[in-house]
Amino acid sequence: MNTPVPAEWSPHRAMWVGWPSHGDLWEDNLEPARDEVEALVRALAGPGRERVRLLVGRPEALADARGRFAGVDGVEVVDGRFGDIWLRDTGPIFGQGSARAAAFRFNGWGGKYELEHDDTVAEQIGQTSGTPLDRHDLILEGGALDHDGQGTILTTRQCLLNPNRNADWTEEKAEVALAASLGARKVLWLGDGLLNDHTDGHVDNLARFVAPGVAACPVAWGRGDPNDEVYAEAARTLSGMTDAGGRPIRVLPLPSPGLVADGDGKPLPASHMNFLIANGAVIVPTYGEARAADLVCQGLKSVFPDREIIPLPSLAILSGGGSFHCISQQEPA
């Protein structure tokens, strides 16, 4: 792929979303997660928005998905196979006009969660969408990168240079690989991602492009935010960078959700940065802190004035490790 990956705010011909399909993985959160994904899909499929391709990963989950979306215009339920719903990481990365897509090796986020069929998701999506795949013999997840559409890629050292992916990668080797596979002209390196993020610090939980030369980044919210220093360091680093076109990066600060913990008090990697930019809308995950979520929506409206900003709950999806951006992948128009 010699041309840069389109920015997420460019028009889409379709949006892939993963459907919670495995009761043994989700347990008591299966139905709550399905309810949250249903709300996401319905928001995406609103008038003038997305054609949603809903990938179901297990035969026994098909009836539920088909029943929920029977008669909903713009939603195509796809019978597929996957280990879990994180299509941003297991699926391909589509190029300009979705004429081709880049497919990478997937090793369960450094060997942590190697589930059956996850390494076949890119092929399934390529076949169903009719998109030829360019295969690359390197390990890479889509959530580890963010794209400005002009050749600037944002990532973290914690993930991309982790020896549990490509053991010999340095910044220089990674940049060569990203240039060859995804049309990168410049790579902006941040350090660590969120605490307890099993992806080893995916950037789509930490910082996101919202316009050329503009990156959103969290600001700690409330007392005891476990990622206070991580957010501050990311903002400082971004403020000293320039993009592939030479523009200084302007940081758009947005409140974090604050401390969100599991039943044992362990901090979860909750992030408003896992928003999904769709045709006509931006879908923002929320975690029970209404004031912070409202301020995030106001901030995103300032950079996406022509899109509806839609906050939706994502606590059950978070129990699986991610949110709306993690379970989706766009096909650029």
# chains A, B, ... in the order shown; residues from 1 in each chain; ligands from 1
>>> residues_around(residues="A:Leu238", least_positions_apart="6", cutoff="9 Å", atoms="only C-alpha atoms", output="VMD selection string")
chain A and resid 188 to 190 215 217 248 to 251
>>> write_last_selection(atoms="N, CA, C and O atoms", output="PDB file, in the first residue's frame")
ATOM      1  N   LEU A 188       4.727   9.052  14.664  1.00  0.00           N
ATOM      2  CA  LEU A 188       4.840   9.793  15.922  1.00  0.00           C
ATOM      3  C   LEU A 188       4.787   8.787  17.071  1.00  0.00           C
ATOM      4  O   LEU A 188       3.803   8.060  17.220  1.00  0.00           O
ATOM      5  N   TRP A 189       5.844   8.765  17.875  1.00  0.00           N
ATOM      6  CA  TRP A 189       5.995   7.758  18.918  1.00  0.00           C
ATOM      7  C   TRP A 189       5.627   8.317  20.289  1.00  0.00           C
ATOM      8  O   TRP A 189       6.253   9.267  20.769  1.00  0.00           O
ATOM      9  N   LEU A 190       4.619   7.713  20.919  1.00  0.00           N
ATOM     10  CA  LEU A 190       4.333   7.959  22.325  1.00  0.00           C
ATOM     11  C   LEU A 190       4.929   6.818  23.144  1.00  0.00           C
ATOM     12  O   LEU A 190       5.405   5.832  22.582  1.00  0.00           O
ATOM     13  N   ALA A 215      -4.646  16.276  17.569  1.00  0.00           N
ATOM     14  CA  ALA A 215      -4.792  14.987  18.247  1.00  0.00           C
ATOM     15  C   ALA A 215      -5.504  15.182  19.575  1.00  0.00           C
ATOM     16  O   ALA A 215      -5.125  16.045  20.372  1.00  0.00           O
ATOM     17  N   CYS A 217      -6.419  13.972  23.331  1.00  0.00           N
ATOM     18  CA  CYS A 217      -5.663  13.268  24.362  1.00  0.00           C
ATOM     19  C   CYS A 217      -6.371  13.474  25.701  1.00  0.00           C
ATOM     20  O   CYS A 217      -6.887  14.570  25.962  1.00  0.00           O
ATOM     21  N   PRO A 248       2.792  21.691  13.309  1.00  0.00           N
ATOM     22  CA  PRO A 248       2.877  21.354  14.732  1.00  0.00           C
ATOM     23  C   PRO A 248       1.573  20.680  15.169  1.00  0.00           C
ATOM     24  O   PRO A 248       0.489  21.073  14.739  1.00  0.00           O
ATOM     25  N   ILE A 249       1.695  19.674  16.014  1.00  0.00           N
ATOM     26  CA  ILE A 249       0.512  18.985  16.513  1.00  0.00           C
ATOM     27  C   ILE A 249      -0.149  19.838  17.595  1.00  0.00           C
ATOM     28  O   ILE A 249       0.494  20.242  18.562  1.00  0.00           O
ATOM     29  N   ARG A 250      -1.434  20.102  17.392  1.00  0.00           N
ATOM     30  CA  ARG A 250      -2.235  20.783  18.408  1.00  0.00           C
ATOM     31  C   ARG A 250      -2.991  19.719  19.197  1.00  0.00           C
ATOM     32  O   ARG A 250      -3.614  18.839  18.617  1.00  0.00           O
ATOM     33  N   VAL A 251      -2.934  19.801  20.523  1.00  0.00           N
ATOM     34  CA  VAL A 251      -3.584  18.817  21.379  1.00  0.00           C
ATOM     35  C   VAL A 251      -4.968  19.305  21.782  1.00  0.00           C
ATOM     36  O   VAL A 251      -5.125  20.448  22.251  1.00  0.00           O
TER      37      VAL A 251
END
>>> residues_around(residues="A:His325", least_positions_apart="2", cutoff="6 Å", atoms="only C-alpha atoms", output="number ranges by chain")
A: 274-276, 323, 327-328
>>> closest_residue(among="A:Pro163, A:Pro311, A:Gly263, A:Gly321", to="A:Gly111", atoms="only C-alpha atoms")
A:Pro163
>>> residues_around(residues="A:Thr90", least_positions_apart="2", cutoff="10 Å", atoms="only C-alpha atoms", output="PyMOL selection string")
chain A and resi 82-88+92-93+103-109+117-123+125+140-143+326-327+329
>>> closest_residue(among="A:Leu252, A:Met273, A:Ala333, A:Ile283", to="A:Ala211", atoms="only C-alpha atoms")
A:Leu252
>>> atom_distance(atom1="atom CA of A:Arg58", atom2="atom CA of A:Asp24")
11.7 Å
>>> closest_atom_pairs(of="stretch 63-148 of chain A", to="stretch 29-46 of chain A", cutoff="12 Å", atoms="only C-alpha atoms", output="CSV")
residue,atom,partner,partner_atom,distance
A:Asp64,CA,A:Arg34,CA,9.4
A:Ala65,CA,A:Glu38,CA,8.7
A:Arg66,CA,A:Glu38,CA,11.2
A:Gly67,CA,A:Glu38,CA,11.2
A:Arg68,CA,A:Glu38,CA,7.7
A:Phe69,CA,A:Glu38,CA,8.3
A:Ala70,CA,A:Arg42,CA,11.7
A:Gly71,CA,A:Arg42,CA,11.6
A:Val72,CA,A:Arg42,CA,8.0
A:Asp73,CA,A:Ala45,CA,7.1
A:Gly74,CA,A:Ala45,CA,5.6
A:Val75,CA,A:Ala45,CA,6.7
A:Glu76,CA,A:Ala45,CA,10.3
A:Val77,CA,A:Val41,CA,11.0
A:Asp84,CA,A:Leu30,CA,11.9
A:Ile85,CA,A:Val37,CA,10.4
>>> write_last_selection(atoms="C-alpha atoms", output="PDB file, in the first residue's frame")
ATOM      1  CA  ASP A  64     -30.086 -13.613  18.439  1.00  0.00           C
ATOM      2  CA  ALA A  65     -28.284 -11.187  16.120  1.00  0.00           C
ATOM      3  CA  ARG A  66     -30.731 -11.727  13.258  1.00  0.00           C
ATOM      4  CA  GLY A  67     -33.681 -11.305  15.568  1.00  0.00           C
ATOM      5  CA  ARG A  68     -32.430  -8.029  16.990  1.00  0.00           C
ATOM      6  CA  PHE A  69     -31.810  -6.462  13.596  1.00  0.00           C
ATOM      7  CA  ALA A  70     -34.660  -7.929  11.566  1.00  0.00           C
ATOM      8  CA  GLY A  71     -36.102  -5.099   9.526  1.00  0.00           C
ATOM      9  CA  VAL A  72     -33.332  -2.633  10.435  1.00  0.00           C
ATOM     10  CA  ASP A  73     -32.197  -0.978   7.219  1.00  0.00           C
ATOM     11  CA  GLY A  74     -28.464  -0.928   6.633  1.00  0.00           C
ATOM     12  CA  VAL A  75     -27.500  -3.862   8.852  1.00  0.00           C
ATOM     13  CA  GLU A  76     -26.120  -7.034   7.257  1.00  0.00           C
ATOM     14  CA  VAL A  77     -25.607  -9.956   9.643  1.00  0.00           C
ATOM     15  CA  ASP A  84     -13.643 -12.649  20.085  1.00  0.00           C
ATOM     16  CA  ILE A  85     -15.069  -9.384  18.784  1.00  0.00           C
TER      17      ILE A  85
END
>>> closest_residue(among="A:Ala174, A:Ala7, A:Ile309, A:Ala278", to="A:Arg208", atoms="only C-alpha atoms")
A:Ala7
>>> closest_residue(among="A:Pro253, A:Gly91, A:Gly97, A:Gly151", to="A:Val214", atoms="only C-alpha atoms")
A:Pro253
>>> atom_distance(atom1="atom CA of A:Ala290", atom2="atom CA of A:Pro269")
17.5 Å
>>> closest_residue(among="A:Asp28, A:Asp168, A:Asp243, A:Asp79", to="A:Leu138", atoms="only C-alpha atoms")
A:Asp168
>>> select_by_dssp(residues="stretch 57-228 of chain A", states="alpha helix (DSSP H)", output="compact mmCIF listing (two decimals) with C-alpha atoms, in the first residue's frame")
# COMPACT_ATOMS: atom_id res chain seq x y z
CA LEU A 62 -26.77 -16.00 14.78
CA ALA A 63 -30.43 -16.26 15.74
CA ASP A 64 -30.09 -13.61 18.44
CA ALA A 65 -28.28 -11.19 16.12
CA ARG A 66 -30.73 -11.73 13.26
CA GLY A 67 -33.68 -11.30 15.57
CA ARG A 68 -32.43 -8.03 16.99
CA PHE A 69 -31.81 -6.46 13.60
CA LEU A 87 -12.10 -6.71 14.74
CA ARG A 88 -9.93 -3.58 14.83
CA ASP A 89 -7.03 -5.84 15.73
CA THR A 90 -7.79 -9.07 13.88
CA GLY A 108 -3.25 -12.80 20.46
CA TRP A 109 -1.72 -9.53 21.68
CA GLY A 110 1.68 -11.00 22.32
CA GLY A 111 0.47 -14.51 23.12
CA VAL A 121 -10.74 -12.81 10.45
CA ALA A 122 -8.83 -10.72 7.91
CA GLU A 123 -9.46 -13.35 5.23
CA GLN A 124 -13.18 -13.54 6.09
CA ILE A 125 -13.61 -9.77 5.94
CA GLY A 126 -11.64 -9.55 2.71
CA GLN A 127 -13.79 -12.20 1.06
CA THR A 128 -17.12 -10.81 2.22
CA SER A 129 -16.23 -7.24 1.26
CA ARG A 157 6.54 2.20 21.91
CA GLN A 158 5.06 0.00 24.61
CA CYS A 159 3.05 -1.91 22.02
CA LEU A 160 4.81 -1.60 18.69
CA GLU A 171 11.83 2.47 15.73
CA GLU A 172 13.69 2.51 12.44
CA LYS A 173 12.65 -1.01 11.42
CA ALA A 174 9.05 -0.34 12.41
CA GLU A 175 8.96 2.87 10.37
CA VAL A 176 10.27 1.08 7.29
CA ALA A 177 7.63 -1.64 7.72
CA LEU A 178 4.81 0.89 8.19
CA ALA A 179 5.91 2.86 5.17
CA ALA A 180 5.89 -0.26 3.00
CA SER A 181 2.62 -1.72 4.29
CA LEU A 182 0.48 1.32 5.14
CA ASP A 228 -2.73 10.78 35.27
>>> closest_residue(among="A:Val260, A:Leu54, A:Cys297, A:Leu25", to="A:Arg223", atoms="only C-alpha atoms")
A:Val260
>>> residues_around(residues="A:Asp197", least_positions_apart="2", cutoff="10 Å", atoms="only C-alpha atoms", output="PyMOL selection string")
chain A and resi 193-195+199-202+205+267-270+321-322
>>> atom_distance(atom1="atom CA of A:Lys112", atom2="atom CA of A:Glu60")
25.8 Å
